[in-house]
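The structure file target27.txt is reproduced below (compact mmCIF, C-alpha atoms and all ligand atoms).
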```txt
# COMPACT_ATOMS: atom_id res chain seq x y z
CA MET A 1 14.42 21.54 -7.04
CA LYS A 2 12.21 18.81 -5.64
CA VAL A 3 12.79 15.33 -7.08
CA VAL A 4 10.13 12.75 -6.30
CA LEU A 5 11.49 9.22 -6.74
CA ARG A 6 9.06 6.31 -6.82
CA ASN A 7 9.15 2.64 -5.82
CA PRO A 8 9.94 3.18 -3.01
CA SER A 9 8.58 6.75 -2.85
CA ARG A 10 10.92 9.40 -1.48
CA THR A 11 11.55 13.08 -2.08
CA GLU A 12 15.03 14.58 -2.56
CA VAL A 13 16.11 18.18 -2.98
CA VAL A 14 18.68 19.03 -5.70
CA ALA A 15 20.11 22.48 -6.45
CA GLY A 16 19.06 23.89 -9.83
CA PRO A 17 19.19 24.77 -12.59
CA ALA A 18 20.30 21.30 -13.67
CA ARG A 19 20.00 18.97 -16.67
CA VAL A 20 17.57 16.11 -16.17
CA GLY A 21 20.34 13.68 -17.20
CA ASP A 22 22.63 15.06 -14.47
CA VAL A 23 19.89 14.78 -11.87
CA LEU A 24 19.41 11.11 -12.78
CA ALA A 25 23.18 10.48 -12.71
CA ARG A 26 23.29 11.94 -9.20
CA PHE A 27 20.95 9.19 -8.04
CA ALA A 28 22.76 6.57 -10.16
CA ILE A 29 19.56 6.02 -12.15
CA ASN A 30 19.82 4.48 -15.59
CA PRO A 31 17.79 6.87 -17.84
CA GLU A 32 16.69 3.81 -19.82
CA THR A 33 14.59 2.55 -16.95
CA VAL A 34 12.56 5.65 -16.04
CA LEU A 35 10.22 8.34 -17.30
CA VAL A 36 10.82 11.88 -16.09
CA ILE A 37 7.68 13.97 -15.63
CA HIS A 38 7.50 17.73 -15.05
CA ALA A 39 4.16 19.53 -14.60
CA GLY A 40 2.27 16.55 -16.01
CA GLU A 41 4.44 16.34 -19.18
CA LEU A 42 7.31 14.06 -20.11
CA VAL A 43 10.78 15.62 -20.40
CA THR A 44 13.94 14.26 -22.01
CA LYS A 45 17.36 14.10 -20.38
CA ASP A 46 18.77 17.22 -22.03
CA VAL A 47 16.11 19.58 -20.66
CA VAL A 48 17.43 21.99 -18.00
CA MET A 49 15.15 22.32 -14.97
CA ALA A 50 14.89 25.48 -12.85
CA ASP A 51 15.68 25.52 -9.14
CA ASP A 52 11.99 25.71 -8.16
CA ALA A 53 10.90 22.86 -10.48
CA GLU A 54 9.36 19.62 -9.27
CA LEU A 55 10.31 16.44 -11.11
CA GLU A 56 8.87 12.96 -10.81
CA VAL A 57 11.18 10.07 -11.71
CA ARG A 58 8.92 7.11 -12.48
CA PRO A 59 10.50 3.67 -12.86
CA VAL A 60 9.22 1.63 -15.79
CA ILE A 61 12.04 -0.89 -16.42
CA SER A 62 12.90 -0.57 -20.11
CA GLY A 63 15.10 1.22 -22.71
CA GLY A 64 15.21 4.69 -24.37
CA ALA A 65 17.29 7.81 -25.31
CA GLY A 66 18.35 9.54 -28.56
CA PRO A 67 17.52 12.65 -30.54
CA ALA A 68 15.14 15.08 -28.91
CA ARG A 69 13.19 16.05 -32.08
CA CYS A 70 10.09 14.20 -33.22
CA HIS A 71 10.94 11.68 -35.90
CA GLN A 72 7.75 12.66 -37.82
CA CYS A 73 7.15 16.41 -37.43
CA HIS A 74 10.51 17.61 -35.97
CA GLY A 75 8.65 19.25 -33.09
CA THR A 76 9.97 18.87 -29.53
CA ALA A 77 10.11 15.20 -28.62
CA VAL A 78 8.68 13.97 -25.33
CA ILE A 79 10.07 10.45 -25.53
CA GLU A 80 12.90 8.60 -27.25
CA VAL A 81 12.65 4.96 -28.32
CA ARG A 82 16.19 3.78 -28.96
CA ARG A 83 15.06 0.47 -30.35
CA HIS A 84 13.56 2.36 -33.28
CA ASN A 85 16.31 4.98 -33.17
CA ALA A 86 13.53 7.56 -33.02
CA ALA A 87 11.98 10.23 -30.81
CA TYR A 88 8.36 11.36 -30.88
CA CYS A 89 6.16 14.27 -29.90
CA ALA A 90 3.07 13.28 -27.89
CA GLU A 91 0.77 13.03 -30.90
CA HIS A 92 3.15 10.98 -33.02
CA PHE A 93 4.08 8.76 -30.12
CA VAL A 94 0.42 7.77 -29.76
CA ASP A 95 0.42 7.08 -33.54
CA HIS A 96 3.55 4.92 -33.09
CA VAL A 97 1.86 2.88 -30.33
CA ARG A 98 -1.28 2.37 -32.44
CA THR A 99 0.84 1.37 -35.45
CA GLN A 100 2.61 -1.31 -33.41
CA VAL A 101 -0.71 -2.65 -32.10
CA ARG A 102 -2.13 -2.67 -35.64
CA GLU A 103 0.95 -4.57 -36.86
CA ALA A 104 0.59 -7.12 -34.05
CA ILE A 105 -3.13 -7.65 -34.73
CA ASP A 106 -2.72 -7.97 -38.51
CA ARG A 107 0.43 -10.08 -38.47
CA HIS A 108 -1.09 -12.71 -36.17
CA ARG A 109 -4.75 -12.29 -37.25
CA MET A 110 -5.62 -11.60 -33.62
CA MET A 111 -9.10 -10.15 -34.02
CA SER A 112 -11.65 -8.66 -36.39
CA TYR A 113 -14.09 -5.80 -35.96
CA ASP A 114 -16.93 -8.32 -35.61
CA ASP A 115 -15.31 -10.15 -32.69
CA ARG A 116 -16.41 -9.59 -29.11
CA ILE A 117 -13.22 -9.05 -27.13
CA LEU A 118 -12.66 -9.43 -23.40
CA VAL A 119 -9.68 -7.50 -22.02
CA ALA A 120 -8.22 -8.54 -18.64
CA VAL A 121 -7.73 -5.20 -16.87
CA SER A 122 -5.74 -5.07 -13.63
CA GLY A 123 -5.40 -1.31 -13.14
CA GLY A 124 -1.76 -1.41 -14.26
CA LYS A 125 -0.42 0.59 -17.19
CA ASP A 126 -0.41 -2.19 -19.78
CA SER A 127 -3.93 -3.51 -19.46
CA LEU A 128 -5.54 -0.07 -19.13
CA ALA A 129 -3.59 1.16 -22.15
CA LEU A 130 -4.60 -1.93 -24.12
CA TRP A 131 -8.28 -1.39 -23.38
CA ASP A 132 -7.95 2.29 -24.29
CA LEU A 133 -6.18 1.46 -27.56
CA LEU A 134 -8.69 -1.19 -28.63
CA LEU A 135 -11.65 1.10 -27.87
CA ASP A 136 -10.03 3.97 -29.79
CA MET A 137 -9.30 1.67 -32.73
CA GLY A 138 -13.02 0.80 -32.89
CA TYR A 139 -12.95 -2.76 -31.52
CA ARG A 140 -15.81 -4.20 -29.45
CA ALA A 141 -13.75 -4.52 -26.27
CA ASP A 142 -15.19 -5.11 -22.78
CA GLY A 143 -13.13 -5.30 -19.58
CA LEU A 144 -12.74 -7.88 -16.83
CA TYR A 145 -11.39 -6.93 -13.42
CA LEU A 146 -10.53 -9.61 -10.85
CA GLY A 147 -10.43 -8.49 -7.18
CA LEU A 148 -7.46 -10.33 -5.65
CA GLY A 149 -8.03 -9.09 -2.09
CA ILE A 150 -4.51 -7.63 -1.71
CA GLY A 151 -5.50 -4.87 0.75
CA GLU A 152 -5.29 -1.24 -0.31
CA TYR A 153 -3.47 -2.22 -3.52
CA SER A 154 -6.52 -4.12 -4.78
CA ASP A 155 -8.99 -1.50 -3.54
CA TYR A 156 -7.15 1.25 -5.39
CA SER A 157 -6.68 -0.69 -8.64
CA GLY A 158 -10.35 -1.71 -8.61
CA ARG A 159 -11.39 1.93 -8.25
CA LEU A 160 -9.15 3.04 -11.13
CA VAL A 161 -10.53 0.40 -13.47
CA ALA A 162 -14.15 1.18 -12.54
CA ASP A 163 -13.52 4.91 -13.04
CA TYR A 164 -12.00 4.28 -16.46
CA ALA A 165 -14.93 2.08 -17.54
CA ALA A 166 -17.41 4.73 -16.36
CA ALA A 167 -15.52 7.52 -18.15
CA ARG A 168 -15.53 5.55 -21.42
CA ASP A 169 -19.05 4.19 -20.91
CA ALA A 170 -17.54 0.73 -21.46
CA THR A 171 -18.75 -2.64 -20.15
CA LEU A 172 -16.76 -3.97 -17.19
CA HIS A 173 -17.19 -7.41 -15.58
CA THR A 174 -15.97 -7.52 -12.00
CA VAL A 175 -15.24 -10.75 -10.12
CA ASP A 176 -14.24 -10.82 -6.47
CA LEU A 177 -12.05 -13.85 -5.78
CA ALA A 178 -13.02 -14.09 -2.08
CA GLY A 179 -16.71 -13.53 -2.75
CA GLU A 180 -16.96 -16.02 -5.62
CA TYR A 181 -14.35 -18.63 -4.76
CA GLY A 182 -13.83 -18.36 -1.00
CA TYR A 183 -10.18 -17.23 -0.84
CA ASP A 184 -7.99 -14.26 -1.67
CA ILE A 185 -4.32 -14.09 -2.72
CA PRO A 186 -2.85 -13.24 0.73
CA THR A 187 -4.57 -16.44 2.01
CA ALA A 188 -2.51 -18.42 -0.50
CA THR A 189 0.88 -17.55 1.05
CA GLY A 190 2.77 -20.40 2.67
CA LEU A 191 1.27 -23.07 0.43
CA ARG A 192 3.63 -25.95 -0.39
CA ASN A 193 4.80 -26.14 -4.06
CA ARG A 194 2.96 -22.98 -5.13
CA SER A 195 3.95 -19.35 -4.60
CA SER A 196 1.24 -16.72 -4.07
CA CYS A 197 2.12 -15.38 -7.55
CA GLY A 198 1.58 -18.89 -8.92
CA VAL A 199 -1.87 -19.11 -7.31
CA CYS A 200 -2.61 -15.57 -8.50
CA GLY A 201 -1.68 -16.36 -12.12
CA LEU A 202 -3.69 -19.58 -12.09
CA SER A 203 -6.72 -17.76 -10.62
CA LYS A 204 -6.49 -14.98 -13.21
CA ARG A 205 -6.32 -17.44 -16.11
CA TYR A 206 -9.21 -19.46 -14.76
CA VAL A 207 -11.57 -16.54 -14.10
CA PHE A 208 -10.66 -15.00 -17.45
CA ASN A 209 -11.55 -18.25 -19.27
CA ARG A 210 -14.69 -18.69 -17.27
CA VAL A 211 -16.08 -15.19 -17.89
CA ALA A 212 -15.17 -15.41 -21.59
CA LEU A 213 -16.93 -18.76 -21.89
CA GLU A 214 -20.03 -17.75 -19.92
CA HIS A 215 -20.48 -14.54 -21.86
CA GLY A 216 -19.58 -15.93 -25.28
CA TYR A 217 -16.52 -13.77 -26.07
CA ASP A 218 -14.55 -14.62 -29.23
CA VAL A 219 -11.19 -13.25 -28.11
CA MET A 220 -9.42 -12.77 -24.78
CA ALA A 221 -6.77 -10.03 -24.80
CA THR A 222 -4.09 -9.44 -22.18
CA GLY A 223 -1.65 -6.56 -21.70
CA HIS A 224 1.56 -8.63 -21.90
CA ASN A 225 4.21 -6.38 -23.44
CA LEU A 226 7.60 -6.86 -25.09
CA ASP A 227 9.42 -6.89 -21.74
CA ASP A 228 7.05 -9.50 -20.28
CA GLU A 229 7.32 -11.79 -23.28
CA ALA A 230 11.10 -11.44 -23.73
CA ALA A 231 11.66 -12.11 -20.00
CA GLN A 232 9.40 -15.15 -20.14
CA LEU A 233 11.27 -16.45 -23.17
CA LEU A 234 14.65 -15.90 -21.50
CA GLY A 235 13.45 -17.86 -18.45
CA ASN A 236 12.26 -20.70 -20.66
CA VAL A 237 15.45 -20.77 -22.76
CA LEU A 238 17.75 -20.68 -19.72
CA ARG A 239 16.14 -23.88 -18.47
CA TRP A 240 15.31 -25.27 -21.93
CA GLN A 241 11.68 -25.65 -20.97
CA THR A 242 10.61 -26.66 -24.45
CA PRO A 243 6.96 -27.47 -23.57
CA PHE A 244 6.60 -23.90 -22.26
CA MET A 245 8.37 -22.54 -25.34
CA ALA A 246 5.91 -24.42 -27.54
CA ARG A 247 3.05 -22.72 -25.73
CA GLN A 248 4.67 -19.26 -25.69
CA SER A 249 2.62 -17.59 -28.37
CA VAL A 250 1.21 -14.11 -28.85
CA ALA A 251 -1.94 -15.53 -30.46
CA LEU A 252 -3.24 -18.89 -29.24
CA PRO A 253 -6.14 -20.26 -31.32
CA ASP A 254 -9.43 -21.16 -29.64
CA SER A 255 -9.60 -24.67 -28.25
CA GLY A 256 -11.98 -26.87 -26.28
CA GLY A 257 -14.65 -24.18 -26.34
CA LEU A 258 -12.28 -21.54 -25.01
CA ALA A 259 -11.83 -18.27 -26.89
CA ARG A 260 -8.67 -17.23 -28.78
CA LYS A 261 -5.99 -15.63 -26.55
CA VAL A 262 -4.00 -12.68 -27.85
CA LYS A 263 -1.32 -10.24 -26.67
CA PRO A 264 -1.58 -7.14 -28.89
CA LEU A 265 1.11 -5.19 -26.95
CA TYR A 266 3.94 -7.65 -27.55
CA ARG A 267 5.73 -5.19 -29.88
CA LEU A 268 5.82 -2.39 -27.25
CA GLY A 269 8.02 -2.08 -24.16
CA GLU A 270 6.95 -1.26 -20.60
CA ARG A 271 8.40 2.19 -20.90
CA GLU A 272 6.34 2.88 -24.02
CA MET A 273 3.16 1.72 -22.27
CA ALA A 274 3.84 3.91 -19.23
CA ALA A 275 4.50 6.88 -21.53
CA TYR A 276 1.29 6.19 -23.45
CA CYS A 277 -0.69 6.33 -20.18
CA VAL A 278 0.95 9.60 -19.10
CA ILE A 279 0.38 11.21 -22.52
CA ARG A 280 -3.24 10.02 -22.70
CA GLY A 281 -3.89 11.08 -19.08
CA LEU A 282 -4.73 7.51 -17.99
CA GLU A 283 -4.35 7.06 -14.26
CA TYR A 284 -2.85 3.68 -13.40
CA VAL A 285 -1.36 1.94 -10.37
CA VAL A 286 2.32 2.92 -10.35
CA GLU A 287 3.19 1.02 -7.16
CA GLU A 288 4.26 -2.60 -7.47
CA CYS A 289 2.00 -5.29 -6.06
CA PRO A 290 3.22 -5.81 -2.44
CA MET A 291 3.43 -9.58 -3.07
CA VAL A 292 5.78 -9.30 -6.05
CA GLY A 293 8.83 -10.52 -4.04
CA GLY A 294 8.73 -14.07 -5.37
CA ASN A 295 8.45 -13.05 -9.00
CA THR A 296 11.60 -14.28 -10.80
CA VAL A 297 10.54 -12.68 -14.10
CA LEU A 298 11.72 -9.32 -12.71
CA ARG A 299 15.31 -10.60 -12.59
CA TYR A 300 15.14 -11.58 -16.26
CA LYS A 301 13.76 -8.14 -17.09
CA ASP A 302 16.71 -6.54 -15.31
CA ALA A 303 19.18 -8.72 -17.22
CA LEU A 304 17.56 -7.89 -20.57
CA ASN A 305 17.51 -4.17 -19.72
CA GLU A 306 21.25 -4.31 -19.09
CA LEU A 307 21.75 -5.80 -22.57
CA GLU A 308 19.32 -3.29 -24.08
CA ARG A 309 21.29 -0.40 -22.53
CA THR A 310 24.35 -1.16 -24.61
CA SER A 311 22.63 -2.84 -27.58
CA PRO A 312 19.22 -1.25 -28.23
CA GLY A 313 16.86 -3.62 -29.97
CA THR A 314 18.19 -6.80 -28.34
CA LYS A 315 14.92 -7.57 -26.57
CA ALA A 316 12.84 -7.16 -29.73
CA GLN A 317 15.28 -9.23 -31.83
CA PHE A 318 15.26 -11.98 -29.21
CA LEU A 319 11.47 -12.19 -29.02
CA PHE A 320 10.54 -11.48 -32.63
CA GLY A 321 13.20 -13.90 -33.88
CA PHE A 322 11.73 -16.61 -31.69
CA LEU A 323 8.17 -15.90 -32.84
CA ASP A 324 9.05 -15.71 -36.56
CA ARG A 325 11.80 -18.29 -36.88
CA VAL A 326 11.40 -20.78 -34.03
CA GLN A 327 7.85 -20.77 -32.71
CA SER A 328 6.17 -20.92 -36.10
CA THR A 329 8.48 -23.62 -37.49
CA HIS A 330 9.97 -25.84 -34.76
CA PHE A 331 6.90 -25.80 -32.53
CA ALA A 332 4.27 -25.49 -35.25
CA ASN A 333 3.13 -29.09 -34.80
CA ALA A 334 3.29 -29.10 -31.02
CA ASP A 335 -0.34 -27.89 -30.99
CA PRO A 336 -0.56 -27.48 -27.22
CA ALA A 337 -4.17 -26.41 -27.64
CA GLY A 338 -4.93 -29.75 -29.22
CA GLU A 339 -4.36 -31.74 -26.01
CA GLN A 340 -7.38 -33.87 -25.25
CA LEU A 341 -9.62 -31.74 -23.10
CA VAL A 342 -12.43 -33.03 -20.90
CA ALA A 343 -14.80 -31.31 -18.46
CA CYS A 344 -13.48 -30.79 -14.91
CA SER A 345 -15.59 -32.80 -12.47
CA GLY A 346 -15.54 -29.85 -10.04
CA CYS A 347 -16.42 -26.85 -12.18
CA GLY A 348 -17.17 -28.20 -15.66
CA LEU A 349 -14.53 -26.11 -17.45
CA PRO A 350 -12.18 -27.81 -19.93
CA THR A 351 -9.10 -29.48 -18.46
CA THR A 352 -6.60 -32.09 -19.64
CA ARG A 353 -7.62 -35.73 -19.49
CA PRO A 354 -5.99 -37.58 -16.53
CA ARG A 355 -3.55 -40.37 -17.51
CA GLN A 356 -5.45 -42.93 -15.47
CA THR A 357 -8.91 -43.34 -16.95
CA ASP A 358 -10.54 -44.34 -13.62
CA ILE A 359 -9.69 -40.96 -12.02
CA ALA A 360 -12.22 -38.13 -12.31
CA PRO A 361 -10.67 -35.14 -14.07
CA VAL A 362 -10.16 -32.14 -11.77
CA CYS A 363 -8.65 -28.94 -13.16
CA ALA A 364 -5.58 -27.27 -11.62
CA PHE A 365 -7.71 -24.38 -10.40
CA CYS A 366 -10.20 -26.58 -8.50
CA ARG A 367 -7.34 -28.58 -6.94
CA THR A 368 -5.45 -25.47 -5.87
CA ARG A 369 -8.55 -23.70 -4.58
CA GLU A 370 -9.36 -26.68 -2.39
CA ARG A 371 -5.83 -26.63 -0.91
CA VAL A 372 -5.88 -22.86 -0.30
CA VAL A 373 -9.31 -22.93 1.34
CA ALA A 374 -8.31 -25.95 3.48
CA SER A 375 -5.02 -24.38 4.63
CA ALA A 376 -6.79 -21.12 5.48
CA GLY A 377 -9.35 -23.13 7.47
CA ARG A 378 -6.56 -24.89 9.39
CA ARG A 379 -4.91 -21.54 10.14
CA ASP A 380 -8.22 -20.15 11.41
CA GLY A 381 -8.91 -23.34 13.38
CA VAL A 382 -12.12 -24.03 11.49
CA THR A 383 -13.08 -26.79 9.10
CA ALA A 384 -12.93 -25.59 5.50
CA THR A 385 -16.00 -25.95 3.35
CA ARG A 386 -16.28 -25.39 -0.33
CA PRO A 387 -18.25 -22.20 -1.06
S1 LIG B 401 2.83 -9.75 -8.19
FE1 LIG B 401 2.10 -11.84 -7.91
S2 LIG B 401 0.43 -11.65 -6.42
FE2 LIG B 401 0.81 -9.59 -7.22
S3 LIG B 401 -0.63 -9.36 -8.91
FE3 LIG B 401 1.30 -10.13 -9.80
S4 LIG B 401 1.09 -12.36 -9.84
FE4 LIG B 401 -0.50 -11.54 -8.46
ZN ZN B 402 5.56 14.83 -34.05
ZN ZN B 403 -12.36 -27.14 -12.21
```

Output the file's structure as structure tokens, nothing else.
Amino acid sequence: MKVVLRNPSRTEVVAGPARVGDVLARFAINPETVLVIHAGELVTKDVVMADDAELEVRPVISGGAGPARCHQCHGTAVIEVRRHNAAYCAEHFVDHVRTQVREAIDRHRMMSYDDRILVAVSGGKDSLALWDLLLDMGYRADGLYLGLGIGEYSDYSGRLVADYAAARDATLHTVDLAGEYGYDIPTATGLRNRSSCGVCGLSKRYVFNRVALEHGYDVMATGHNLDDEAAQLLGNVLRWQTPFMARQSVALPDSGGLARKVKPLYRLGEREMAAYCVIRGLEYVVEECPMVGGNTVLRYKDALNELERTSPGTKAQFLFGFLDRVQSTHFANADPAGEQLVACSGCGLPTTRPRQTDIAPVCAFCRTRERVVASAGRRDGVTATRP
């Protein structure tokens, strides 16, 4: 049978018939970290595949395995979620995902049906799934896509997001970083004290805030999932970065004119989000961003997945325990949103007040953009000008 492995993509031939679990073992693949897809449907590790079958093994970095009958209807399961000690058929899995999103929204009072919501959509599985879920649940959710200028990767993700918006007849705002701000993410490589991922994250946050403010959105929603949040927390705990821990919330209240920020997928793992997309037929960018190399969060995800493999539920206990028992009590008065905010002298958006009162406040985005544009100008042998 043909086995298509992704990230990096390669095709292997394996003699059949064979159990999916045995095929994975042959490639030393931890079943917890992948989805296996046959003829457009998910299959579990006990299914036996014929010699002429074609399998796709899609990495998702997460946990799973267990009984192969749906927890609700006892039909054939398409996915197991070990954390819940449950397996689901396609229909009940979608119900499970919606239930978790509903729980997140209600528990943290993230949004109401009157709110106008802006979803940051990158073309990846999480953000597209989030937009799809919110629209299906009846929320007034529009999308925002930021063109990062990362070659074919950005072109493809931009097309996927635009196609999804058109198919759903949904409103999509598109901002091109180079066109609007005079630089793209590849230009930001080689900058002192800031990785390209750092510049990328800062740019995303800034443009997201800006579009939300200019268009009067009440809520900004991002596709951060359980794996993202648990990995972030682990990174912060390992270095005892308490100011970051104070700010690590799944629902930040509005402040300084900026809309509320929420993460409705924090109760769902990466693997669940990838499965949701496959089941719902949502096309998303499977390939990693080519600039991901410097992203340390991936190492924390790997470490947590190792723990999850032997102790399912560890990730959720780690994150939910923090949110319920530490964040809401120990950091309740930290009020990071309550820092004194003033208008940036460059762009007018809220930023923190400088310590020295005689210095004009300039936000981190304006400062960084100036450095990126200047260093690109030096590389090109031209004098940089602000667009
Ligand atoms: S991997 Fe880094 S550069 Fe690529 S999209 Fe993510 S943050 Fe941006
Ligand atoms: Zn079912
Ligand atoms: Zn600014």

Quick check, in Å to one decimal: how far apart do atom CA of Arg159 of chain A and atom CA of Val4 of chain A lie? 24.2 Å

When the cut-off is 8 Å and you count only C-alpha atoms and all ligand atoms, which residues lie near ligand LIG 401 (chain B), shown as a count of residues only? 17

Dump the neighbourhood of ligand ZN 403 (chain B) as a ChimeraX atom specification: all residues within 10 Å, distances computed on all atoms listed in the file. /A:206,343-351,361-369

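In this comparison, which uses all atoms listed in the file, the residue of A:Val60, A:Val20, A:Val237, A:Ile279 approaching Thr33 of chain A most closely is A:Val60.
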
What are the nearest atom pairs, with distances in Å to one decimal, for all residues of chain A that come at most 12 Å from ligand ZN 402 (chain B), using all atoms listed in the file, set out by chain and rising residue number as a tab-separated table?
```
residue	atom	partner	partner_atom	distance
A:Ala68	CA	B:ZN402	ZN	10.9
A:Arg69	CA	B:ZN402	ZN	8.0
A:Cys70	CA	B:ZN402	ZN	4.6
A:His71	CA	B:ZN402	ZN	6.5
A:Gln72	CA	B:ZN402	ZN	4.9
A:Cys73	CA	B:ZN402	ZN	4.1
A:His74	CA	B:ZN402	ZN	6.0
A:Gly75	CA	B:ZN402	ZN	5.5
A:Thr76	CA	B:ZN402	ZN	7.5
A:Ala77	CA	B:ZN402	ZN	7.1
A:Val78	CA	B:ZN402	ZN	9.3
A:Ile79	CA	B:ZN402	ZN	10.6
A:Glu80	CA	B:ZN402	ZN	11.8
A:Ala86	CA	B:ZN402	ZN	10.8
A:Ala87	CA	B:ZN402	ZN	8.5
A:Tyr88	CA	B:ZN402	ZN	5.5
A:Cys89	CA	B:ZN402	ZN	4.2
A:Ala90	CA	B:ZN402	ZN	6.8
A:Glu91	CA	B:ZN402	ZN	6.0
A:His92	CA	B:ZN402	ZN	4.7
A:Phe93	CA	B:ZN402	ZN	7.4
A:Val94	CA	B:ZN402	ZN	9.7
A:Asp95	CA	B:ZN402	ZN	9.3
A:His96	CA	B:ZN402	ZN	10.2
```

Segment 99-104 of chain A: axis-aligned bounding box, 5 Å on each side, centre and edge lengths in Å, one decimal, as AutoDock Vina command-line options:
```
--center_x 0.2 --center_y -2.9 --center_z -34.5 --size_x 14.7 --size_y 18.5 --size_z 14.8
```

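The two atoms in question, atom CA of Tyr183 of chain A and atom CA of Tyr156 of chain A, are spaced 19.3 Å apart.
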
Neighbour list for segment 315-317 of chain A as a PyMOL selection string, cut-off 12 Å, only C-alpha atoms, skip fewer than 2 positions in-chain: chain A and resi 62-63+82-84+225-234+266-270+300-313+319-325

Which is closest to Ala376 of chain A among A:Leu202, A:Ala188, A:Val219, A:Asp254, if we use all atoms listed in the file? A:Ala188
